[in-house]
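J.: File follows, query-v3.tsv with TSV, C-alpha atoms:
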```
chain	number	residue	atom	x	y	z
A	119	MET	CA	-112.55	2.85	-169.25
A	120	VAL	CA	-110.76	6.00	-168.17
A	121	ARG	CA	-114.03	7.97	-168.33
A	122	LYS	CA	-115.79	5.30	-166.27
A	123	ALA	CA	-113.04	5.38	-163.66
A	124	LEU	CA	-113.15	9.17	-163.42
A	125	PHE	CA	-116.95	9.08	-163.13
A	126	ALA	CA	-116.73	6.47	-160.36
A	127	ARG	CA	-114.23	8.58	-158.43
A	128	SER	CA	-116.39	11.67	-158.88
A	129	LEU	CA	-119.50	9.82	-157.71
A	130	ALA	CA	-117.63	8.42	-154.71
A	131	GLY	CA	-116.47	11.91	-153.81
A	132	ARG	CA	-120.02	13.20	-153.89
A	133	MET	CA	-121.36	10.24	-151.92
A	134	LEU	CA	-118.88	10.45	-149.02
A	135	PRO	CA	-120.54	13.47	-147.35
A	136	VAL	CA	-123.95	11.83	-147.77
A	137	LEU	CA	-122.73	8.57	-146.27
A	138	PHE	CA	-121.11	10.47	-143.40
A	139	LEU	CA	-124.36	12.29	-142.63
A	140	LEU	CA	-126.26	8.99	-142.71
A	141	PHE	CA	-123.71	7.51	-140.31
A	142	VAL	CA	-124.03	10.48	-137.97
A	143	SER	CA	-127.84	10.37	-137.98
A	144	ARG	CA	-127.86	6.65	-137.24
A	145	ALA	CA	-125.10	6.84	-134.64
A	146	PHE	CA	-126.94	9.45	-132.61
A	147	ALA	CA	-130.52	8.36	-133.24
A	148	GLN	CA	-131.18	7.69	-129.56
A	149	ILE	CA	-130.58	9.47	-126.26
A	150	PRO	CA	-127.18	8.25	-125.00
A	151	PRO	CA	-127.49	5.93	-121.98
A	152	GLY	CA	-127.24	7.88	-118.74
A	153	TYR	CA	-127.37	11.27	-120.49
A	154	TYR	CA	-130.01	12.66	-118.15
A	155	ASP	CA	-128.98	10.80	-115.00
A	156	PRO	CA	-127.80	14.00	-113.21
A	157	ALA	CA	-131.36	15.36	-113.55
A	158	THR	CA	-133.11	12.36	-111.99
A	159	GLY	CA	-135.42	13.20	-109.11
A	160	LYS	CA	-134.95	16.97	-109.36
A	161	THR	CA	-137.53	19.71	-109.89
A	162	GLY	CA	-137.62	23.49	-110.05
A	163	VAL	CA	-134.34	25.43	-110.12
A	164	ALA	CA	-132.38	22.31	-109.18
A	165	LEU	CA	-133.60	20.56	-112.33
A	166	GLN	CA	-132.87	23.54	-114.58
A	167	SER	CA	-129.36	23.77	-113.10
A	168	ALA	CA	-128.76	20.06	-113.62
A	169	LEU	CA	-129.93	20.22	-117.24
A	170	HIS	CA	-127.71	23.25	-117.82
A	171	GLY	CA	-124.76	21.20	-116.63
A	172	ILE	CA	-125.65	18.44	-119.08
A	173	ILE	CA	-126.08	20.54	-122.24
A	174	LYS	CA	-123.56	23.36	-121.72
A	175	GLY	CA	-120.18	23.39	-123.44
A	176	HIS	CA	-121.59	22.27	-126.77
A	177	THR	CA	-119.48	22.14	-129.92
A	178	VAL	CA	-119.69	25.65	-131.38
A	179	ILE	CA	-120.07	25.82	-135.14
A	180	SER	CA	-119.53	28.86	-137.34
A	181	TYR	CA	-122.52	30.97	-138.34
A	182	SER	CA	-121.43	30.81	-141.98
A	183	GLY	CA	-121.47	27.02	-141.83
A	184	ILE	CA	-125.10	26.72	-140.68
A	185	PRO	CA	-126.69	26.55	-144.17
A	186	GLY	CA	-124.59	23.46	-144.85
A	187	TYR	CA	-126.27	21.66	-141.96
A	188	PHE	CA	-129.86	22.67	-142.77
A	189	PRO	CA	-130.31	19.80	-145.30
A	190	THR	CA	-129.70	17.45	-142.36
A	191	THR	CA	-131.68	19.27	-139.67
A	192	ASP	CA	-134.51	21.08	-141.47
A	193	ALA	CA	-135.51	19.31	-144.66
A	194	LYS	CA	-138.56	17.66	-146.11
A	195	PRO	CA	-138.34	14.89	-148.73
A	196	GLY	CA	-136.90	16.09	-152.00
A	197	SER	CA	-134.44	18.49	-150.32
A	198	VAL	CA	-137.29	20.91	-149.60
A	199	VAL	CA	-136.55	23.56	-146.99
A	200	TRP	CA	-138.69	23.00	-143.88
A	201	ASP	CA	-139.73	26.61	-143.32
A	202	MET	CA	-142.14	26.94	-140.40
A	203	TYR	CA	-143.04	30.47	-141.51
A	204	SER	CA	-144.39	29.31	-144.89
A	205	ASP	CA	-145.28	25.65	-144.41
A	206	VAL	CA	-148.89	24.47	-144.40
A	207	PRO	CA	-149.00	21.18	-142.45
A	208	GLY	CA	-151.24	18.72	-144.23
A	209	GLY	CA	-151.77	21.16	-147.10
A	210	THR	CA	-149.97	22.87	-149.97
A	211	PRO	CA	-147.57	25.69	-149.02
A	212	PRO	CA	-147.87	28.91	-151.03
A	213	TYR	CA	-144.25	28.46	-152.11
A	214	ILE	CA	-141.32	26.19	-151.34
A	215	TYR	CA	-137.54	26.38	-151.46
A	216	HIS	CA	-135.01	23.69	-152.32
A	217	TYR	CA	-131.55	23.26	-150.91
A	218	ASN	CA	-128.60	23.55	-153.30
A	219	MET	CA	-130.56	25.70	-155.77
A	220	GLY	CA	-129.17	29.10	-154.80
A	221	GLN	CA	-132.36	30.22	-153.06
A	222	GLU	CA	-130.73	31.41	-149.83
A	223	CYS	CA	-130.23	35.16	-149.74
A	224	GLY	CA	-130.22	38.36	-147.73
A	225	ASN	CA	-132.23	40.61	-150.05
A	226	TYR	CA	-135.95	40.25	-150.72
A	227	ASN	CA	-138.94	42.25	-151.91
A	228	GLY	CA	-141.74	39.91	-150.89
A	229	GLU	CA	-142.63	36.41	-149.80
A	230	GLY	CA	-141.25	33.58	-151.87
A	231	ASP	CA	-138.11	35.48	-152.97
A	232	CYS	CA	-135.59	33.62	-150.82
A	233	TYR	CA	-134.98	32.00	-147.44
A	234	ASN	CA	-132.44	32.88	-144.78
A	235	ARG	CA	-131.49	32.11	-141.19
A	236	GLU	CA	-133.92	33.13	-138.47
A	237	HIS	CA	-132.70	33.63	-134.90
A	238	SER	CA	-135.99	32.60	-133.30
A	239	TRP	CA	-134.57	34.08	-130.09
A	240	PRO	CA	-133.63	37.45	-131.64
A	241	LYS	CA	-129.89	38.02	-131.65
A	242	SER	CA	-130.34	41.59	-130.40
A	243	TRP	CA	-131.67	40.13	-127.16
A	244	PHE	CA	-128.20	38.72	-126.42
A	245	ASN	CA	-126.25	41.46	-128.23
A	246	ASP	CA	-125.01	39.18	-131.04
A	247	ALA	CA	-122.78	37.38	-128.54
A	248	SER	CA	-121.28	33.91	-128.91
A	249	PRO	CA	-121.84	31.01	-128.63
A	250	MET	CA	-125.58	31.65	-128.81
A	251	TYR	CA	-125.20	33.56	-132.09
A	252	SER	CA	-124.57	30.29	-133.94
A	253	ASP	CA	-126.42	27.88	-131.62
A	254	MET	CA	-128.49	26.00	-134.18
A	255	PHE	CA	-131.11	24.91	-131.68
A	256	HIS	CA	-132.78	28.30	-132.07
A	257	ILE	CA	-131.82	29.02	-135.70
A	258	TYR	CA	-134.23	27.91	-138.42
A	259	PRO	CA	-134.46	28.39	-142.20
A	260	THR	CA	-137.33	30.79	-142.90
A	261	ASP	CA	-138.62	32.97	-145.70
A	262	GLY	CA	-136.55	36.16	-145.66
A	263	TYR	CA	-139.50	38.52	-146.00
A	264	VAL	CA	-141.49	36.89	-143.17
A	265	ASN	CA	-138.35	36.78	-141.05
A	266	GLY	CA	-137.98	40.52	-141.63
A	267	LYS	CA	-141.62	41.11	-140.68
A	268	ARG	CA	-141.18	39.14	-137.48
A	269	ASN	CA	-138.12	41.34	-136.75
A	270	ASN	CA	-137.26	41.10	-133.04
A	271	TYR	CA	-140.85	41.10	-131.81
A	272	PRO	CA	-141.79	38.56	-129.13
A	273	TYR	CA	-143.89	35.56	-129.97
A	274	GLY	CA	-147.49	35.87	-128.83
A	275	THR	CA	-151.15	35.43	-129.70
A	276	VAL	CA	-152.92	37.79	-132.10
A	277	SER	CA	-156.65	38.38	-132.57
A	278	SER	CA	-156.73	41.28	-135.03
A	279	ALA	CA	-153.66	41.08	-137.28
A	280	SER	CA	-151.97	44.11	-138.82
A	281	TRP	CA	-150.23	41.74	-141.26
A	282	THR	CA	-150.70	38.06	-142.14
A	283	SER	CA	-148.28	35.85	-144.03
A	284	GLN	CA	-149.41	33.63	-146.89
A	285	ASN	CA	-149.49	30.58	-144.61
A	286	GLY	CA	-151.30	32.34	-141.76
A	287	CYS	CA	-148.58	33.65	-139.41
A	288	LYS	CA	-149.77	36.90	-137.81
A	289	LEU	CA	-148.31	40.19	-136.66
A	290	GLY	CA	-150.34	42.38	-134.31
A	291	SER	CA	-151.17	43.32	-130.74
A	292	CYS	CA	-150.79	40.55	-128.18
A	293	THR	CA	-153.94	39.11	-126.66
A	294	TRP	CA	-152.23	36.82	-124.14
A	295	PRO	CA	-152.81	38.17	-120.60
A	296	GLY	CA	-149.90	40.21	-119.28
A	297	TYR	CA	-148.68	41.82	-122.50
A	298	SER	CA	-150.38	43.96	-125.16
A	299	GLY	CA	-147.48	45.05	-127.39
A	300	THR	CA	-146.77	43.89	-130.95
A	301	VAL	CA	-146.06	40.17	-131.29
A	302	PHE	CA	-145.61	37.52	-133.98
A	303	GLU	CA	-147.82	34.43	-133.86
A	304	PRO	CA	-146.69	31.29	-135.71
A	305	LEU	CA	-149.04	28.51	-136.82
A	306	ASP	CA	-150.58	26.38	-134.07
A	307	GLU	CA	-148.78	23.31	-135.45
A	308	TYR	CA	-145.38	24.88	-134.69
A	309	LYS	CA	-146.05	26.72	-131.43
A	310	GLY	CA	-144.70	23.83	-129.37
A	311	ASP	CA	-141.53	23.76	-131.48
A	312	PHE	CA	-140.77	27.38	-130.66
A	313	ALA	CA	-141.76	27.00	-127.00
A	314	ARG	CA	-139.39	24.07	-126.50
A	315	THR	CA	-136.72	26.05	-128.35
A	316	TYR	CA	-137.15	28.88	-125.85
A	317	PHE	CA	-136.98	26.50	-122.89
A	318	TYR	CA	-133.73	25.17	-124.34
A	319	MET	CA	-132.29	28.70	-124.54
A	320	SER	CA	-133.38	29.52	-120.98
A	321	THR	CA	-131.66	26.36	-119.74
A	322	ARG	CA	-128.58	26.22	-121.96
A	323	TYR	CA	-127.66	29.81	-121.01
A	324	TYR	CA	-128.93	29.69	-117.43
A	325	THR	CA	-126.44	31.79	-115.34
A	326	GLU	CA	-124.49	32.62	-118.54
A	327	ASP	CA	-126.57	35.67	-119.50
A	328	ALA	CA	-124.91	38.62	-117.75
A	329	SER	CA	-124.56	40.55	-121.02
A	330	TRP	CA	-128.08	39.77	-122.28
A	331	ASN	CA	-130.82	42.40	-122.48
A	332	VAL	CA	-134.12	42.62	-120.65
A	333	THR	CA	-136.91	42.65	-123.26
A	334	ASP	CA	-140.69	42.69	-123.31
A	335	MET	CA	-140.65	38.89	-123.31
A	336	THR	CA	-137.50	37.99	-121.39
A	337	ASN	CA	-135.43	38.86	-118.36
A	338	LYS	CA	-132.06	38.05	-119.89
A	339	SER	CA	-132.27	34.29	-120.59
A	340	GLN	CA	-135.42	33.68	-118.57
A	341	LEU	CA	-138.98	34.19	-119.76
A	342	LYS	CA	-141.18	36.78	-118.11
A	343	PRO	CA	-144.28	35.37	-116.35
A	344	TRP	CA	-146.76	36.12	-119.16
A	345	ALA	CA	-144.49	34.52	-121.77
A	346	LEU	CA	-143.69	31.54	-119.56
A	347	GLN	CA	-147.35	30.67	-119.07
A	348	MET	CA	-148.00	31.07	-122.80
A	349	MET	CA	-145.08	28.85	-123.75
A	350	LEU	CA	-146.14	26.17	-121.26
A	351	HIS	CA	-149.57	26.28	-122.86
A	352	TRP	CA	-148.06	26.03	-126.35
A	353	CYS	CA	-146.11	22.95	-125.27
A	354	SER	CA	-149.31	21.36	-124.08
A	355	VAL	CA	-151.44	22.00	-127.16
A	356	ASP	CA	-148.64	21.15	-129.62
A	357	PRO	CA	-146.81	18.05	-128.30
A	358	VAL	CA	-143.39	16.93	-129.53
A	359	SER	CA	-143.48	15.95	-133.21
A	360	THR	CA	-141.38	13.54	-135.26
A	361	LYS	CA	-139.87	16.60	-136.92
A	362	GLU	CA	-138.52	17.80	-133.57
A	363	VAL	CA	-137.23	14.36	-132.56
A	364	ASN	CA	-135.35	13.94	-135.84
A	365	ARG	CA	-133.92	17.46	-135.61
A	366	ASN	CA	-132.81	16.87	-132.03
A	367	ASN	CA	-131.02	13.67	-133.02
A	368	ALA	CA	-129.32	15.40	-135.95
A	369	MET	CA	-128.29	18.31	-133.74
A	370	TYR	CA	-126.63	15.93	-131.30
A	371	GLY	CA	-124.42	14.77	-134.14
A	372	ILE	CA	-123.47	18.40	-134.89
A	373	GLN	CA	-123.30	20.29	-131.59
A	374	HIS	CA	-123.06	17.23	-129.32
A	375	ASN	CA	-125.81	18.42	-127.00
A	376	ARG	CA	-129.56	17.93	-126.99
A	377	ASN	CA	-132.76	19.82	-126.28
A	378	PRO	CA	-133.98	18.21	-123.04
A	379	PHE	CA	-137.53	19.50	-123.55
A	380	ILE	CA	-137.89	17.43	-126.70
A	381	ASP	CA	-136.52	14.29	-125.06
A	382	HIS	CA	-138.51	14.91	-121.86
A	383	PRO	CA	-141.39	17.38	-122.38
A	384	GLU	CA	-142.33	16.97	-118.71
A	385	TYR	CA	-139.15	18.79	-117.66
A	386	ALA	CA	-140.78	22.12	-118.56
A	387	TYR	CA	-143.62	21.36	-116.19
A	388	LEU	CA	-141.29	20.12	-113.44
A	389	ILE	CA	-139.18	23.31	-113.63
A	390	TRP	CA	-141.77	26.03	-114.20
A	391	GLY	CA	-145.20	24.46	-113.72
A	392	ASN	CA	-147.37	24.51	-110.64
A	393	PRO	CA	-147.46	23.04	-108.14
A	394	VAL	CA	-144.60	20.62	-108.80
A	395	GLY	CA	-142.16	23.25	-110.03
A	396	GLU	CA	-142.35	25.27	-106.82
A	397	GLY	CA	-139.63	23.30	-105.14
A	398	GLU	CA	-138.20	19.89	-104.41
A	399	ILE	CA	-140.72	17.16	-103.66
A	400	LYS	CA	-139.66	15.76	-100.30
A	401	THR	CA	-141.64	12.53	-100.57
A	402	VAL	CA	-140.91	9.29	-102.39
A	403	ASN	CA	-141.67	9.56	-106.13
A	404	HIS	CA	-143.03	6.73	-108.24
A	405	LEU	CA	-142.99	7.16	-112.03
A	406	LEU	CA	-145.72	5.10	-113.64
A	407	SER	CA	-146.08	3.41	-117.01
A	408	VAL	CA	-148.89	4.43	-119.36
A	409	TYR	CA	-150.23	2.53	-122.40
A	410	PRO	CA	-151.02	3.37	-125.08
A	411	ASN	CA	-149.16	6.65	-124.98
A	412	PRO	CA	-149.97	8.80	-126.97
A	413	ALA	CA	-153.65	7.90	-126.69
A	414	LYS	CA	-156.86	9.23	-128.24
A	415	ASP	CA	-159.75	8.02	-126.09
A	416	HIS	CA	-158.57	5.78	-123.25
A	417	CYS	CA	-155.30	4.81	-121.61
A	418	SER	CA	-154.21	2.64	-118.71
A	419	VAL	CA	-151.81	3.55	-115.90
A	420	ILE	CA	-149.93	0.72	-114.17
A	421	PHE	CA	-149.28	1.01	-110.43
A	422	PRO	CA	-146.82	-1.16	-108.47
A	423	GLY	CA	-148.17	-4.33	-106.80
A	424	GLU	CA	-151.46	-4.22	-104.97
A	425	PHE	CA	-152.61	-0.64	-105.11
A	426	SER	CA	-155.48	1.38	-103.69
A	427	THR	CA	-156.43	5.02	-104.29
A	428	GLU	CA	-157.87	5.24	-100.79
A	429	GLY	CA	-156.36	8.11	-98.80
A	430	LYS	CA	-154.70	9.61	-101.87
A	431	ALA	CA	-155.56	12.84	-103.67
A	432	MET	CA	-155.77	12.39	-107.43
A	433	ASN	CA	-155.35	15.19	-109.95
A	434	VAL	CA	-154.92	15.36	-113.71
A	435	MET	CA	-153.24	18.61	-114.72
A	436	SER	CA	-152.12	20.43	-117.82
A	437	VAL	CA	-148.52	21.65	-118.12
A	438	THR	CA	-149.63	25.04	-116.80
A	439	GLY	CA	-150.93	23.45	-113.59
A	440	GLU	CA	-154.61	23.68	-114.50
A	441	LYS	CA	-156.68	20.81	-113.14
A	442	VAL	CA	-158.82	18.92	-115.66
A	443	LYS	CA	-161.43	16.22	-115.20
A	444	ALA	CA	-160.94	12.65	-116.38
A	445	ALA	CA	-163.14	9.70	-115.39
A	446	TYR	CA	-161.32	6.59	-114.19
A	447	SER	CA	-161.80	3.11	-112.79
A	448	MET	CA	-159.43	0.74	-110.98
A	449	GLU	CA	-158.89	-2.91	-111.88
A	450	GLY	CA	-156.28	-4.38	-109.56
A	451	ASN	CA	-153.20	-2.23	-109.91
A	452	VAL	CA	-154.29	-0.76	-113.26
A	453	MET	CA	-156.14	2.54	-113.56
A	454	HIS	CA	-158.24	2.96	-116.70
A	455	LEU	CA	-158.60	6.62	-117.72
A	456	ASP	CA	-161.21	8.09	-120.03
A	457	ILE	CA	-159.49	11.04	-121.77
A	458	ARG	CA	-162.02	11.72	-124.51
A	459	SER	CA	-162.99	15.07	-122.99
A	460	LEU	CA	-159.40	16.34	-122.82
A	461	PRO	CA	-157.97	18.55	-125.58
A	462	LYS	CA	-154.88	17.49	-127.48
A	463	GLY	CA	-151.73	18.00	-125.41
A	464	ILE	CA	-149.61	16.78	-122.50
A	465	PHE	CA	-151.14	16.06	-119.10
A	466	PHE	CA	-149.86	14.77	-115.78
A	467	LEU	CA	-151.59	12.34	-113.46
A	468	MET	CA	-150.64	12.76	-109.80
A	469	LEU	CA	-151.79	10.70	-106.83
A	470	THR	CA	-150.47	12.14	-103.60
A	471	GLY	CA	-150.45	10.29	-100.30
A	472	GLU	CA	-148.90	11.15	-96.94
A	473	SER	CA	-145.40	10.09	-98.00
A	474	ASP	CA	-145.65	9.02	-101.64
A	475	VAL	CA	-146.33	10.73	-104.96
A	476	TYR	CA	-147.33	8.66	-107.98
A	477	ARG	CA	-146.81	10.44	-111.32
A	478	ALA	CA	-147.50	9.66	-114.97
A	479	LYS	CA	-147.23	11.67	-118.17
A	480	ILE	CA	-150.13	11.27	-120.59
A	481	ILE	CA	-150.05	12.48	-124.20
A	482	LYS	CA	-153.50	13.04	-125.72
A	483	GLU	CA	-153.55	12.86	-129.52
```
Produce structure tokens that represent the structure in this file.
T.:
Amino acid sequence: MVRKALFARSLAGRMLPVLFLLFVSRAFAQIPPGYYDPATGKTGVALQSALHGIIKGHTVISYSGIPGYFPTTDAKPGSVVWDMYSDVPGGTPPYIYHYNMGQECGNYNGEGDCYNREHSWPKSWFNDASPMYSDMFHIYPTDGYVNGKRNNYPYGTVSSASWTSQNGCKLGSCTWPGYSGTVFEPLDEYKGDFARTYFYMSTRYYTEDASWNVTDMTNKSQLKPWALQMMLHWCSVDPVSTKEVNRNNAMYGIQHNRNPFIDHPEYAYLIWGNPVGEGEIKTVNHLLSVYPNPAKDHCSVIFPGEFSTEGKAMNVMSVTGEKVKAAYSMEGNVMHLDIRSLPKGIFFLMLTGESDVYRAKIIKE
């Protein structure tokens, strides 16, 4: 009986942290009511400033404590480390790591030796300063060797790689217009993750970057034009995933702030995209409902009351402001859109009249 009692106490002691983490994840599974109210109706710099006010002042955790949170924020079933530098979405990774098996390290000779903490926004870019040094929104568990290869190079697109990781990440000269230096290109399936991470950093530390460096990719906390256009494109072709949503919810339970560009991907377009991001819209805005959303072939956009497109300019645009073609028909106050010709990504429908703008976000699967 004594042994059973001791075992029960031991088991209870081990279960308490697990139960606490489950409580945290459930308690913060949704965006808190009114969280983004200060950002309503804003665009451009005004929107970035409003979002900064919402997410600043987060709870700062210690850098040494980060590995203890990874099993909550960056894990696959079976306590597998979710390493975006070695993962093969929909396939078999060349190697995997497990939490609580002593596989985190700082020394490595090749891929598959160990995993460590990657500052996806290199810490040298902000001179190892706090609180960004331990801001988990840009810190991910990654293979140590690949992390070392990435070094502090910018992200970019590579055609002819000088080195390729076992899962297909590339190192080489940048092919994205505006920059030709050495860059690191992650898998397509994770490009949106890193882009939304960078938009978070640009917004969380907006006006708080006096000591940051100017790099090939950034002007302190803000992205240079070539990188901004690339990241907007990455957001479009790799929409928000369940992985990101779950991580964002978990992070809110840890740092008590959120990544707005996961909760509202359109914010990136409204701040930096064209033409909406150029300034405040001085007309009345109508946000429209879309169903189904995400959609594969067709979707319907619901307009208020009796509605006519007469006298209104209609555009469907990517997050970079590029106009795309989509056939449509009207049935009462419902617009039926044919999106079969569009690539996977996020698009915005805009109907502009003399004094009104009707907007809808469409996610193409």
J.: Pick out the residues sitting within 10 Å of Lys194 (chain A), and hand them over as a list in words; count all atoms listed in the file, and ignore anything fewer than 6 positions along from it in its own chain.
T.: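 With the cut-off at 10 Å, the set is Trp200, Asp201, His216 and Lys361 of chain A.
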J.: Hey, which of A:Gly162, A:Trp294, A:Arg322, A:Tyr258 ends up closest to Gly175 (chain A)? Count all atoms listed in the file.
T.: A:Arg322
J.: Which residue gives the smallest distance to Gly274 (chain A) among A:His351, A:Pro212, A:Phe421, A:Phe255, with all atoms listed in the file counted?
T.: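 When distances to Gly274 (chain A) are compared using all atoms listed in the file, the smallest one comes from A:His351.
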J.: If you count all atoms listed in the file, which residues fall within 6 Å of region 375-389 of chain A, apart from same-chain ones fewer than 4 positions away, as a PDB file with C-alpha atoms, keeping the file's coordinate frame?
T.:
```
ATOM      1  CA  THR A 161    -137.530  19.710-109.890  1.00  0.00           C
ATOM      2  CA  GLY A 162    -137.620  23.490-110.050  1.00  0.00           C
ATOM      3  CA  ILE A 173    -126.080  20.540-122.240  1.00  0.00           C
ATOM      4  CA  HIS A 176    -121.590  22.270-126.770  1.00  0.00           C
ATOM      5  CA  ARG A 314    -139.390  24.070-126.500  1.00  0.00           C
ATOM      6  CA  TYR A 318    -133.730  25.170-124.340  1.00  0.00           C
ATOM      7  CA  TYR A 370    -126.630  15.930-131.300  1.00  0.00           C
ATOM      8  CA  VAL A 394    -144.600  20.620-108.800  1.00  0.00           C
ATOM      9  CA  GLY A 395    -142.160  23.250-110.030  1.00  0.00           C
ATOM     10  CA  VAL A 437    -148.520  21.650-118.120  1.00  0.00           C
TER      11      VAL A 437
END
```
J.: Rounded to one decimal, what separation in Å do you get between CA of Tyr476 (chain A) and CA of His404 (chain A)?
T.: 4.7 Å
J.: Got a moment to write region 467-478 of chain A out with N, CA and C atoms, as a PDB file, in the first residue's frame?
T.:
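Resulting contents of result15.pdb:
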```pdb
ATOM      1  N   LEU A 467     -10.612  40.877 -52.708  1.00  0.00           N
ATOM      2  CA  LEU A 467     -11.589  41.436 -53.627  1.00  0.00           C
ATOM      3  C   LEU A 467     -11.896  42.854 -53.179  1.00  0.00           C
ATOM      4  N   MET A 468     -11.860  43.801 -54.110  1.00  0.00           N
ATOM      5  CA  MET A 468     -12.178  45.190 -53.786  1.00  0.00           C
ATOM      6  C   MET A 468     -13.097  45.764 -54.850  1.00  0.00           C
ATOM      7  N   LEU A 469     -14.243  46.281 -54.423  1.00  0.00           N
ATOM      8  CA  LEU A 469     -15.133  47.039 -55.284  1.00  0.00           C
ATOM      9  C   LEU A 469     -15.151  48.466 -54.765  1.00  0.00           C
ATOM     10  N   THR A 470     -14.743  49.389 -55.600  1.00  0.00           N
ATOM     11  CA  THR A 470     -14.583  50.766 -55.175  1.00  0.00           C
ATOM     12  C   THR A 470     -15.573  51.658 -55.906  1.00  0.00           C
ATOM     13  N   GLY A 471     -16.401  52.355 -55.138  1.00  0.00           N
ATOM     14  CA  GLY A 471     -17.316  53.338 -55.693  1.00  0.00           C
ATOM     15  C   GLY A 471     -16.847  54.741 -55.374  1.00  0.00           C
ATOM     16  N   GLU A 472     -17.719  55.720 -55.542  1.00  0.00           N
ATOM     17  CA  GLU A 472     -17.339  57.107 -55.286  1.00  0.00           C
ATOM     18  C   GLU A 472     -17.076  57.355 -53.806  1.00  0.00           C
ATOM     19  N   SER A 473     -17.816  56.686 -52.938  1.00  0.00           N
ATOM     20  CA  SER A 473     -17.663  56.956 -51.499  1.00  0.00           C
ATOM     21  C   SER A 473     -17.589  55.694 -50.661  1.00  0.00           C
ATOM     22  N   ASP A 474     -17.638  54.528 -51.298  1.00  0.00           N
ATOM     23  CA  ASP A 474     -17.632  53.271 -50.559  1.00  0.00           C
ATOM     24  C   ASP A 474     -16.585  52.313 -51.126  1.00  0.00           C
ATOM     25  N   VAL A 475     -15.996  51.526 -50.232  1.00  0.00           N
ATOM     26  CA  VAL A 475     -15.093  50.450 -50.638  1.00  0.00           C
ATOM     27  C   VAL A 475     -15.599  49.152 -50.018  1.00  0.00           C
ATOM     28  N   TYR A 476     -15.824  48.147 -50.851  1.00  0.00           N
ATOM     29  CA  TYR A 476     -16.269  46.845 -50.382  1.00  0.00           C
ATOM     30  C   TYR A 476     -15.083  45.888 -50.474  1.00  0.00           C
ATOM     31  N   ARG A 477     -14.735  45.228 -49.360  1.00  0.00           N
ATOM     32  CA  ARG A 477     -13.531  44.398 -49.332  1.00  0.00           C
ATOM     33  C   ARG A 477     -13.852  43.007 -48.800  1.00  0.00           C
ATOM     34  N   ALA A 478     -13.144  42.015 -49.351  1.00  0.00           N
ATOM     35  CA  ALA A 478     -13.259  40.643 -48.854  1.00  0.00           C
ATOM     36  C   ALA A 478     -11.923  39.939 -49.021  1.00  0.00           C
TER      37      ALA A 478
END
```
